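Working notes, structure below.
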Amino acid sequence: MRTDTAPAPAAVAGVRPPSRLASAWSRPGVRLAVLAAAVLVLAALYLFTAVPGSLGYAVKIRSVSVAGMVVVAVAVGVSTVVFHTITQNRILTPSIMGFDAFFMLISTVIVFGLGATTFLRADPVVLWLVQVAVMTAFSVFLFTWLFGGKRRSIHLMLLVGIVLGTFFRSLTEWMQRMLDPLDFQVLTDTGFASLTRPNETLLLLTGILVALGCLGVVPLLRTLDVLTLGEPTAVGLGVDHRRVVMALFAIVSVMVAASTALVGPILFFGLIVANLAYSYAGTFRHRFTLPAAALLGVVCLLGGQLLLERVLGFGGSLSMVIEFAGGLFFLFLVLRKGAR
Amino acid sequence: MTATAVATTSTPAPARPRRTWVGVLIGVLLVVLGIVSLFVGVSDVSVATLLEGGADGTAAFLLVASRMPRTVAVVLVGASLGIAGLILQMLVRNKFVEPGTTGVSEFATLGMLVTIVLWPGMAIMGKMAVAAVFGLIGTWVFLRVIRAVPVRQLVLVPLVGIMLGGIVGAVTAFFAYRLDLLQSLGQWSQGSFASVMQGRYEYVWVAAVMVLVAWVAADRFSVIGLGEDFATNLGLNYRRVVAVGMVVVAVITASVLVTAGMIPFLGLVVPNIVSLIIGDNVRRSIPWVAGLGATFVLACDLIARTVRFPYEIPLSVVVGIVGAGLFLWLLLRKGSRAH
């Protein structure tokens with residue numbers, strides 16, 4: 001991660017006539033290519049180094065975790081950048097606004113309502129789709145209510161989001177406590193796997209959903225650029241603001257639902273990735289920031305996992321490290337931007 | 001903190017009969033819920049079994065060893081947490097702070113972890129003292145960080161506090177995870193009165209003492225709430241009063257943490273509701289806050305004990321739902337100062 005972000009300030013600070021290398025570096029496309037190369041190198045390192053036994057077996061197991069990280073990184077990166085554009089700020093993220101707590105609540109409510117036997121007898125694919133559909137419908141409703149209408153201050157929305165998160169988590173826990181132990185077991189089994197060992201069926205499903213979400217964003221790339229200018233300007237330029245924002249909220253919800261179901265909530269990951277992406281891409285055009293956020297997400301997850309697992313010898317605590325670093329970064333952002 | 005105190009001290013003028021009625025209502029509710037709380041539980045404790053068993057019977061033993069301590073602890077925790085929130089709100093001059101939204105609770109929890117690791121055999125009183133010292137450090141850190149907030153924005157202050165708490169919480173969780181102490185930490189950080197009994201709850205009386213201190217110093221805190229310059233102008237030793245307030249908040253937080261664990265949003269919601277009813281005079285609101293806080297926690301504890309009878313769900317879950325709901329209402333209602 002360090003190697004490919006470090007040259008950026010040097011390129012900006014160049015007072016001398018820029019060399020060919022520097023001018024190439026200032027093009028967002030080139031930066032994306034460098035990032036993609038970094039992802040490939042890290043993936044290769046993760047897959048093929050430090051193999052204790054049979055290479056084939058290790059690669060098979062590890063490619064599943066790499067795929068999981070890619071899906072999560074794409075979902076979190078893309079949904080956060082889109083969310084930032086819709087809500088006109090760079091601090092609020094879907095996770096901070098309680099989206100993933102909301103998803104956990106929905107899955108609990110479904111198990112609670114149906115009971116484990118019906119839950120187990122139902123087709124998992126259908127069930128999963130129902131979960132995502134309910135989540136999408138509710139969150140579009142909830143967040144158009146919060147963000148539509150009168151414009152509230154960002155800090156108020158942040159506080160509301162954090163309190164909403166506590167509210168949803170408490171409700172979830174309440175319901176989980178009310179469940180039979182068997183039902184609870186079913187919920188935790190179908191619910192959440194770890195970052196490095198995702199459930200394969202779930203991974204495939206989320207992969208498809210995230211891909212569909214990305215495809216949904218592609219035709220809206222230019223509209224997103226226009227939305228950056230603010231609602232009045234966007235409307236003036238002929239954007240059907242309400243409809244587009246609703247559609248984008250739906251896409252964001254689907255992606256958050258997907259990544260939360262796969263690895264559980266990671267509160268600050270989106271915040272780090274999106275803000276890194278803005279400064280790395282050096283532009284606000286979404287055809288660059290969206291892939292940059294996704295790729296940076298992969299770099300963070302793969303690089304972080306490599307560093308923790310292979311270099312420092314800690315297992316499985318990456319999400320805690322992300323929370324810690326993300327919390328500090330968030331505090332920095334809020335305090336620095338607080339003046340506005 | 002008793003019903004009479006709530007009822008009598010809250011009658012400033014006969015011109016406001018509605019306030020009096022609300023005060024009487026809170027007092028009556030407090031007494032009724034307190035009595036109900038004595039008789040709710042798995043074992044059969046009722047007037048009949050009490051009379052039948054006499055002073056040495058099982059029912060009488062249960063009443064003295066388990067039910068009464070629990071009820072007293074609930075009342076004291078509710079009252080003192082409300083007061084801690086009230087004092088902190090005066091110190092920071094912000095309506096949306098309480099130990100949980102300023103990182104004080106998280107610092108105190110970190111203190112608990114430190115005692116568990118370094119001095120595992122330490123008496124609970126000692127653990128509580130260490131937790132209080134950490135809580136004090138937390139209050140200090142928070143007040144320092146808040147100074148860096150460019151404009152005194154109403155909702156930015158609790159936001160920064162929550163983040164501060166999140167960071168300290170992540171550090172605590174990381175070390176607890178590395179040292180295999182997550183479970184014993186969870187015991188402290190999740191609020192519940194399930195394990196309260198005779199001999200294990202008396203630390204909460206320390207919080208009650210702090211409530212008395214707050215009551216004695218009430219007028220000073222009122223003046224502090226007007227700002228440093230104004231308070232100094234009135235001849236008040238600003239730093240000393242702030243220091244007293246910080247100690248009150250930290251000690252209450254630590255003793256509640258030791259007895260019941262973390263209880264979210266209570267110290268925030270209760271003083272705000274009281275201020276909606278009677279305004280911002282600290283001396284007048286202290287009995288109100290204490291009474292309403294106690295009633296609120298009693299009601300939530302009763303829900304936690306009965307909703308999945310004979311099992312319990314943690315109190316913090318119930319308070320989390322009710323308290324977060326009320327907090328959201330306070331933030332989003334029309335005419336809220338947060339806009």
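Just remember, in the structure tokens the first chain shown is A, the second B, etc., residues are 1-based per chain, and ligands are 1-based in the order shown.
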
- Excluding same-chain residues fewer than 6 positions from segment 255-271 of chain B, what lies within 6 Å of it counting only C-alpha atoms, as a list in words?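 What passes the distance filter is Leu81, Gly82, Gly85, Leu86, Glu98, Trp188, Ser189, Gln190, Gly191, Ser192, Phe193, Tyr201, Val204, Val289, Gly293, Ser316, Gly320 and Gly323 of chain B.
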
Go ahead and dump the residues you just picked, N, CA, C and O atoms, as an mmCIF file, in the first residue's frame.
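Printed below is selection_14.cif as written:
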data_model
loop_
_atom_site.group_PDB
_atom_site.id
_atom_site.type_symbol
_atom_site.label_atom_id
_atom_site.label_comp_id
_atom_site.auth_asym_id
_atom_site.auth_seq_id
_atom_site.Cartn_x
_atom_site.Cartn_y
_atom_site.Cartn_z
ATOM 1 N N LEU B 81 -26.842 7.628 37.813
ATOM 2 C CA LEU B 81 -26.468 7.813 36.400
ATOM 3 C C LEU B 81 -27.121 9.065 35.829
ATOM 4 O O LEU B 81 -26.508 9.810 35.054
ATOM 5 N N GLY B 82 -28.378 9.281 36.209
ATOM 6 C CA GLY B 82 -29.042 10.503 35.769
ATOM 7 C C GLY B 82 -28.276 11.736 36.227
ATOM 8 O O GLY B 82 -28.040 12.671 35.468
ATOM 9 N N GLY B 85 -25.067 12.279 34.318
ATOM 10 C CA GLY B 85 -25.344 12.921 33.042
ATOM 11 C C GLY B 85 -25.600 14.408 33.207
ATOM 12 O O GLY B 85 -25.070 15.242 32.473
ATOM 13 N N LEU B 86 -26.395 14.749 34.220
ATOM 14 C CA LEU B 86 -26.754 16.152 34.462
ATOM 15 C C LEU B 86 -25.501 16.994 34.725
ATOM 16 O O LEU B 86 -25.322 18.070 34.133
ATOM 17 N N GLU B 98 -23.187 12.387 28.193
ATOM 18 C CA GLU B 98 -23.340 11.559 29.380
ATOM 19 C C GLU B 98 -22.104 10.663 29.401
ATOM 20 O O GLU B 98 -21.336 10.686 28.438
ATOM 21 N N TRP B 188 -18.527 -7.179 32.385
ATOM 22 C CA TRP B 188 -18.550 -5.822 32.919
ATOM 23 C C TRP B 188 -19.244 -4.859 31.986
ATOM 24 O O TRP B 188 -19.918 -3.940 32.434
ATOM 25 N N SER B 189 -19.032 -5.082 30.676
ATOM 26 C CA SER B 189 -19.492 -4.044 29.767
ATOM 27 C C SER B 189 -20.970 -4.177 29.445
ATOM 28 O O SER B 189 -21.562 -3.240 28.937
ATOM 29 N N GLN B 190 -21.582 -5.328 29.741
ATOM 30 C CA GLN B 190 -23.012 -5.429 29.466
ATOM 31 C C GLN B 190 -23.814 -5.212 30.741
ATOM 32 O O GLN B 190 -23.627 -5.919 31.727
ATOM 33 N N GLY B 191 -24.702 -4.231 30.714
ATOM 34 C CA GLY B 191 -25.435 -3.872 31.914
ATOM 35 C C GLY B 191 -26.475 -4.901 32.297
ATOM 36 O O GLY B 191 -27.296 -5.310 31.483
ATOM 37 N N SER B 192 -26.453 -5.351 33.549
ATOM 38 C CA SER B 192 -27.476 -6.266 34.044
ATOM 39 C C SER B 192 -27.421 -6.302 35.567
ATOM 40 O O SER B 192 -26.353 -6.140 36.158
ATOM 41 N N PHE B 193 -28.569 -6.517 36.181
ATOM 42 C CA PHE B 193 -28.588 -6.594 37.637
ATOM 43 C C PHE B 193 -28.761 -8.036 38.090
ATOM 44 O O PHE B 193 -29.066 -8.294 39.249
ATOM 45 N N TYR B 201 -23.355 -5.692 46.152
ATOM 46 C CA TYR B 201 -23.910 -4.494 45.521
ATOM 47 C C TYR B 201 -23.580 -3.241 46.307
ATOM 48 O O TYR B 201 -23.824 -2.141 45.840
ATOM 49 N N VAL B 204 -22.416 0.418 45.288
ATOM 50 C CA VAL B 204 -23.231 1.424 44.626
ATOM 51 C C VAL B 204 -23.602 2.552 45.599
ATOM 52 O O VAL B 204 -23.966 3.641 45.191
ATOM 53 N N VAL B 289 -34.334 14.513 38.438
ATOM 54 C CA VAL B 289 -33.498 13.609 37.642
ATOM 55 C C VAL B 289 -33.304 12.298 38.382
ATOM 56 O O VAL B 289 -33.439 11.209 37.806
ATOM 57 N N GLY B 293 -34.794 8.987 36.892
ATOM 58 C CA GLY B 293 -33.796 7.981 36.520
ATOM 59 C C GLY B 293 -34.076 6.660 37.214
ATOM 60 O O GLY B 293 -34.064 5.600 36.584
ATOM 61 N N SER B 316 -29.203 -3.690 29.764
ATOM 62 C CA SER B 316 -28.681 -2.725 28.794
ATOM 63 C C SER B 316 -29.398 -2.848 27.444
ATOM 64 O O SER B 316 -29.500 -1.875 26.699
ATOM 65 N N GLY B 320 -31.159 0.135 25.979
ATOM 66 C CA GLY B 320 -30.667 0.492 24.650
ATOM 67 C C GLY B 320 -31.811 0.812 23.705
ATOM 68 O O GLY B 320 -31.762 1.793 22.959
ATOM 69 N N GLY B 323 -33.926 3.877 25.487
ATOM 70 C CA GLY B 323 -33.102 5.075 25.560
ATOM 71 C C GLY B 323 -32.726 5.594 24.181
ATOM 72 O O GLY B 323 -32.813 6.804 23.925
#

- Task: Apply DSSP to the structure's backbone, then extract all residues of segment 49-284 of chain A labelled alpha helix (DSSP H) and return them as JSON, numbers by chain.
- Result: {"A": [55, 56, 57, 58, 59, 60, 61, 62, 63, 64, 65, 66, 67, 68, 69, 70, 71, 72, 73, 74, 75, 76, 77, 78, 79, 80, 81, 82, 83, 84, 85, 86, 87, 99, 100, 101, 102, 103, 104, 105, 106, 107, 108, 109, 110, 111, 112, 113, 114, 116, 117, 118, 119, 120, 121, 124, 125, 126, 127, 128, 129, 130, 131, 132, 133, 134, 135, 136, 137, 138, 139, 140, 141, 142, 143, 144, 145, 146, 147, 154, 155, 156, 157, 158, 159, 160, 161, 162, 163, 164, 165, 166, 167, 168, 169, 170, 171, 172, 173, 174, 175, 176, 177, 178, 181, 182, 183, 184, 185, 186, 187, 188, 189, 190, 191, 200, 201, 202, 203, 204, 205, 206, 207, 208, 209, 210, 211, 212, 213, 214, 215, 216, 217, 221, 222, 223, 224, 225, 226, 227, 231, 232, 233, 234, 235, 236, 241, 242, 243, 244, 245, 246, 247, 248, 249, 250, 251, 252, 253, 254, 255, 256, 257, 258, 259, 260, 261, 262, 263, 269, 270, 271, 272, 273, 274, 275, 276, 277, 278, 279, 280, 281]}

Report the closest atom pair, with its distance in Å rounded to one decimal, for each residue of chain A that has an atom no farther than 10 Å from chain B; count only C-alpha atoms, sort by chain and then rising residue number, and write it as JSON lines.
{"residue": "A:Leu146", "atom": "CA", "partner": "B:Leu332", "partner_atom": "CA", "distance": 9.5}
{"residue": "A:Arg151", "atom": "CA", "partner": "B:His339", "partner_atom": "CA", "distance": 9.7}
{"residue": "A:Arg152", "atom": "CA", "partner": "B:His339", "partner_atom": "CA", "distance": 6.7}
{"residue": "A:Ser153", "atom": "CA", "partner": "B:His339", "partner_atom": "CA", "distance": 7.0}
{"residue": "A:Ile154", "atom": "CA", "partner": "B:Leu156", "partner_atom": "CA", "distance": 9.3}
{"residue": "A:His155", "atom": "CA", "partner": "B:Leu156", "partner_atom": "CA", "distance": 5.7}
{"residue": "A:Leu156", "atom": "CA", "partner": "B:Val155", "partner_atom": "CA", "distance": 5.8}
{"residue": "A:Met157", "atom": "CA", "partner": "B:Val155", "partner_atom": "CA", "distance": 9.2}
{"residue": "A:Leu158", "atom": "CA", "partner": "B:Leu159", "partner_atom": "CA", "distance": 7.5}
{"residue": "A:Leu159", "atom": "CA", "partner": "B:Leu159", "partner_atom": "CA", "distance": 6.0}
{"residue": "A:Val160", "atom": "CA", "partner": "B:Leu328", "partner_atom": "CA", "distance": 6.4}
{"residue": "A:Gly161", "atom": "CA", "partner": "B:Leu328", "partner_atom": "CA", "distance": 9.3}
{"residue": "A:Ile162", "atom": "CA", "partner": "B:Leu159", "partner_atom": "CA", "distance": 8.5}
{"residue": "A:Val163", "atom": "CA", "partner": "B:Ala324", "partner_atom": "CA", "distance": 5.9}
{"residue": "A:Leu164", "atom": "CA", "partner": "B:Ala324", "partner_atom": "CA", "distance": 7.1}
{"residue": "A:Gly165", "atom": "CA", "partner": "B:Ala324", "partner_atom": "CA", "distance": 9.1}
{"residue": "A:Thr166", "atom": "CA", "partner": "B:Gly320", "partner_atom": "CA", "distance": 6.7}
{"residue": "A:Phe167", "atom": "CA", "partner": "B:Ile321", "partner_atom": "CA", "distance": 5.2}
{"residue": "A:Phe168", "atom": "CA", "partner": "B:Ile321", "partner_atom": "CA", "distance": 7.8}
{"residue": "A:Arg169", "atom": "CA", "partner": "B:Gly320", "partner_atom": "CA", "distance": 8.5}
{"residue": "A:Ser170", "atom": "CA", "partner": "B:Val317", "partner_atom": "CA", "distance": 5.0}
{"residue": "A:Leu171", "atom": "CA", "partner": "B:Ile321", "partner_atom": "CA", "distance": 6.2}
{"residue": "A:Thr172", "atom": "CA", "partner": "B:Val317", "partner_atom": "CA", "distance": 9.1}
{"residue": "A:Glu173", "atom": "CA", "partner": "B:Val317", "partner_atom": "CA", "distance": 6.9}
{"residue": "A:Trp174", "atom": "CA", "partner": "B:Val317", "partner_atom": "CA", "distance": 6.3}
{"residue": "A:Met175", "atom": "CA", "partner": "B:Ile313", "partner_atom": "CA", "distance": 9.8}
{"residue": "A:Gln176", "atom": "CA", "partner": "B:Ile313", "partner_atom": "CA", "distance": 9.8}
{"residue": "A:Arg177", "atom": "CA", "partner": "B:Ile313", "partner_atom": "CA", "distance": 6.4}
{"residue": "A:Met178", "atom": "CA", "partner": "B:Arg308", "partner_atom": "CA", "distance": 6.7}
{"residue": "A:Leu179", "atom": "CA", "partner": "B:Arg308", "partner_atom": "CA", "distance": 9.8}
{"residue": "A:Phe314", "atom": "CA", "partner": "B:Arg178", "partner_atom": "CA", "distance": 9.0}
{"residue": "A:Ser317", "atom": "CA", "partner": "B:Phe174", "partner_atom": "CA", "distance": 7.9}
{"residue": "A:Met320", "atom": "CA", "partner": "B:Ala170", "partner_atom": "CA", "distance": 6.5}
{"residue": "A:Val321", "atom": "CA", "partner": "B:Ala170", "partner_atom": "CA", "distance": 8.1}
{"residue": "A:Ile322", "atom": "CA", "partner": "B:Ala170", "partner_atom": "CA", "distance": 9.6}
{"residue": "A:Glu323", "atom": "CA", "partner": "B:Ala170", "partner_atom": "CA", "distance": 6.8}
{"residue": "A:Phe324", "atom": "CA", "partner": "B:Ile167", "partner_atom": "CA", "distance": 5.6}
{"residue": "A:Ala325", "atom": "CA", "partner": "B:Ile167", "partner_atom": "CA", "distance": 8.3}
{"residue": "A:Gly326", "atom": "CA", "partner": "B:Ile167", "partner_atom": "CA", "distance": 8.7}
{"residue": "A:Gly327", "atom": "CA", "partner": "B:Ile167", "partner_atom": "CA", "distance": 5.7}
{"residue": "A:Leu328", "atom": "CA", "partner": "B:Ile167", "partner_atom": "CA", "distance": 6.8}
{"residue": "A:Phe330", "atom": "CA", "partner": "B:Met163", "partner_atom": "CA", "distance": 7.7}
{"residue": "A:Leu331", "atom": "CA", "partner": "B:Met163", "partner_atom": "CA", "distance": 6.5}
{"residue": "A:Phe332", "atom": "CA", "partner": "B:Val160", "partner_atom": "CA", "distance": 9.6}
{"residue": "A:Val334", "atom": "CA", "partner": "B:Val160", "partner_atom": "CA", "distance": 7.7}
{"residue": "A:Leu335", "atom": "CA", "partner": "B:Val149", "partner_atom": "CA", "distance": 5.9}
{"residue": "A:Arg336", "atom": "CA", "partner": "B:Pro150", "partner_atom": "CA", "distance": 8.2}
{"residue": "A:Lys337", "atom": "CA", "partner": "B:Pro150", "partner_atom": "CA", "distance": 8.8}
{"residue": "A:Gly338", "atom": "CA", "partner": "B:Pro150", "partner_atom": "CA", "distance": 6.1}
{"residue": "A:Ala339", "atom": "CA", "partner": "B:Pro150", "partner_atom": "CA", "distance": 5.3}
{"residue": "A:Arg340", "atom": "CA", "partner": "B:Val151", "partner_atom": "CA", "distance": 8.9}

- Distance query Thr228 of chain A at most 8 Å, only C-alpha atoms, self and fewer than 2 positions along chain excluded, as a list in words: Thr85, Ile86, Gln88, Leu224, Asp225, Val226 and Gly230 of chain A

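Atom CA of Ala261 of chain A sits 23.2 Å away from atom CA of Ala43 of chain A.
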
- Using only C-alpha atoms, which of the listed residues (A:Ala33, A:Gly68, A:Ala137, A:Ser63) sits closest to Leu47 of chain A?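 For Leu47 of chain A, the nearest of the given residues is A:Ser63.
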
- Of the residues A:Val235, A:Ala22, A:Leu45, A:Ile96, which is the one nearest to Gln305 of chain A, using only C-alpha atoms?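 When distances to Gln305 of chain A are compared using only C-alpha atoms, the smallest one comes from A:Leu45.
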
Could you name the residues that touch segment 206-219 of chain B at 7 Å or less, counting only C-alpha atoms, but leaving out those on the same chain fewer than 4 positions away, as a compact mmCIF listing (two decimals) with N, CA, C and O atoms, in the first residue's frame?
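Saved the output as result_13.txt:
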# COMPACT_ATOMS: atom_id res chain seq x y z
N LEU B 76 -30.58 3.13 43.03
CA LEU B 76 -29.39 3.97 43.18
C LEU B 76 -28.68 4.17 41.84
O LEU B 76 -28.23 5.27 41.52
N SER B 80 -28.21 7.79 40.24
CA SER B 80 -26.88 8.38 40.14
C SER B 80 -26.44 8.55 38.69
O SER B 80 -25.75 9.53 38.37
N ILE B 83 -27.84 11.71 37.50
CA ILE B 83 -27.10 12.85 38.05
C ILE B 83 -25.76 13.02 37.33
O ILE B 83 -25.37 14.15 37.01
N VAL B 223 -24.10 27.58 37.98
CA VAL B 223 -23.32 28.74 37.53
C VAL B 223 -22.28 28.31 36.50
O VAL B 223 -22.05 28.99 35.50
N VAL B 248 -17.12 13.56 40.61
CA VAL B 248 -18.46 13.00 40.81
C VAL B 248 -18.82 12.08 39.63
O VAL B 248 -19.23 10.92 39.83
N VAL B 251 -16.55 8.81 39.55
CA VAL B 251 -16.83 7.84 40.61
C VAL B 251 -18.18 7.17 40.38
O VAL B 251 -18.32 5.95 40.53
N ILE B 252 -19.18 7.95 39.99
CA ILE B 252 -20.50 7.34 39.70
C ILE B 252 -20.36 6.32 38.58
O ILE B 252 -20.83 5.18 38.69
N SER B 255 -18.60 3.15 39.88
CA SER B 255 -19.34 2.29 40.81
C SER B 255 -20.52 1.63 40.11
O SER B 255 -20.86 0.48 40.41
N VAL B 282 -30.28 23.56 38.24
CA VAL B 282 -29.73 22.28 38.69
C VAL B 282 -30.30 21.86 40.05
O VAL B 282 -30.69 20.72 40.25
N ARG B 283 -30.35 22.85 40.99
CA ARG B 283 -30.81 22.46 42.32
C ARG B 283 -32.23 21.90 42.26
O ARG B 283 -32.54 20.90 42.89
N ILE B 286 -32.23 18.27 40.40
CA ILE B 286 -31.57 17.08 40.93
C ILE B 286 -32.55 16.03 41.48
O ILE B 286 -32.50 14.87 41.08

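For Leu318 of chain A, the list of residues within 10 Å, based on only C-alpha atoms and with local chain neighbours fewer than 5 positions off taken out, reads Leu195, Thr196, Leu301, Gly304, Gln305, Leu306, Leu307, Leu308, Glu309, Glu323 and Phe324 of chain A.
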
Keeping only N, CA, C and O atoms, write the selected residues to a file as a compact mmCIF listing (two decimals), in the first residue's frame.
# COMPACT_ATOMS: atom_id res chain seq x y z
N LEU A 195 -13.78 -13.11 7.86
CA LEU A 195 -13.22 -12.50 6.66
C LEU A 195 -12.42 -13.50 5.84
O LEU A 195 -12.45 -13.49 4.62
N THR A 196 -11.69 -14.37 6.52
CA THR A 196 -10.81 -15.28 5.78
C THR A 196 -11.48 -16.59 5.40
O THR A 196 -11.00 -17.30 4.53
N LEU A 301 -7.38 -4.87 2.56
CA LEU A 301 -7.71 -6.16 3.18
C LEU A 301 -6.59 -7.17 2.99
O LEU A 301 -6.12 -7.80 3.94
N GLY A 304 -3.36 -5.87 4.69
CA GLY A 304 -3.51 -5.94 6.14
C GLY A 304 -3.44 -7.37 6.63
O GLY A 304 -2.78 -7.69 7.62
N GLN A 305 -4.14 -8.25 5.90
CA GLN A 305 -4.15 -9.66 6.30
C GLN A 305 -2.75 -10.26 6.21
O GLN A 305 -2.31 -10.98 7.10
N LEU A 306 -2.05 -9.94 5.10
CA LEU A 306 -0.68 -10.43 4.93
C LEU A 306 0.20 -9.95 6.08
O LEU A 306 0.94 -10.73 6.69
N LEU A 307 0.09 -8.65 6.37
CA LEU A 307 0.93 -8.05 7.40
C LEU A 307 0.66 -8.70 8.76
O LEU A 307 1.58 -9.11 9.48
N LEU A 308 -0.64 -8.81 9.09
CA LEU A 308 -0.99 -9.34 10.41
C LEU A 308 -0.66 -10.82 10.53
O LEU A 308 -0.11 -11.28 11.52
N GLU A 309 -0.99 -11.57 9.45
CA GLU A 309 -0.92 -13.02 9.54
C GLU A 309 0.51 -13.51 9.34
O GLU A 309 1.02 -14.31 10.12
N GLU A 323 -10.99 -1.09 12.81
CA GLU A 323 -11.84 -0.25 13.65
C GLU A 323 -11.01 0.82 14.36
O GLU A 323 -11.39 1.97 14.44
N PHE A 324 -9.86 0.40 14.86
CA PHE A 324 -9.01 1.32 15.62
C PHE A 324 -8.50 2.43 14.71
O PHE A 324 -8.70 3.63 14.98

- Query: So what do you get for atom CA of Met90 of chain B versus atom CA of Ser105 of chain B, distance-wise?
  - Reply: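 Result for atom CA of Met90 of chain B versus atom CA of Ser105 of chain B: 17.9 Å, one decimal.
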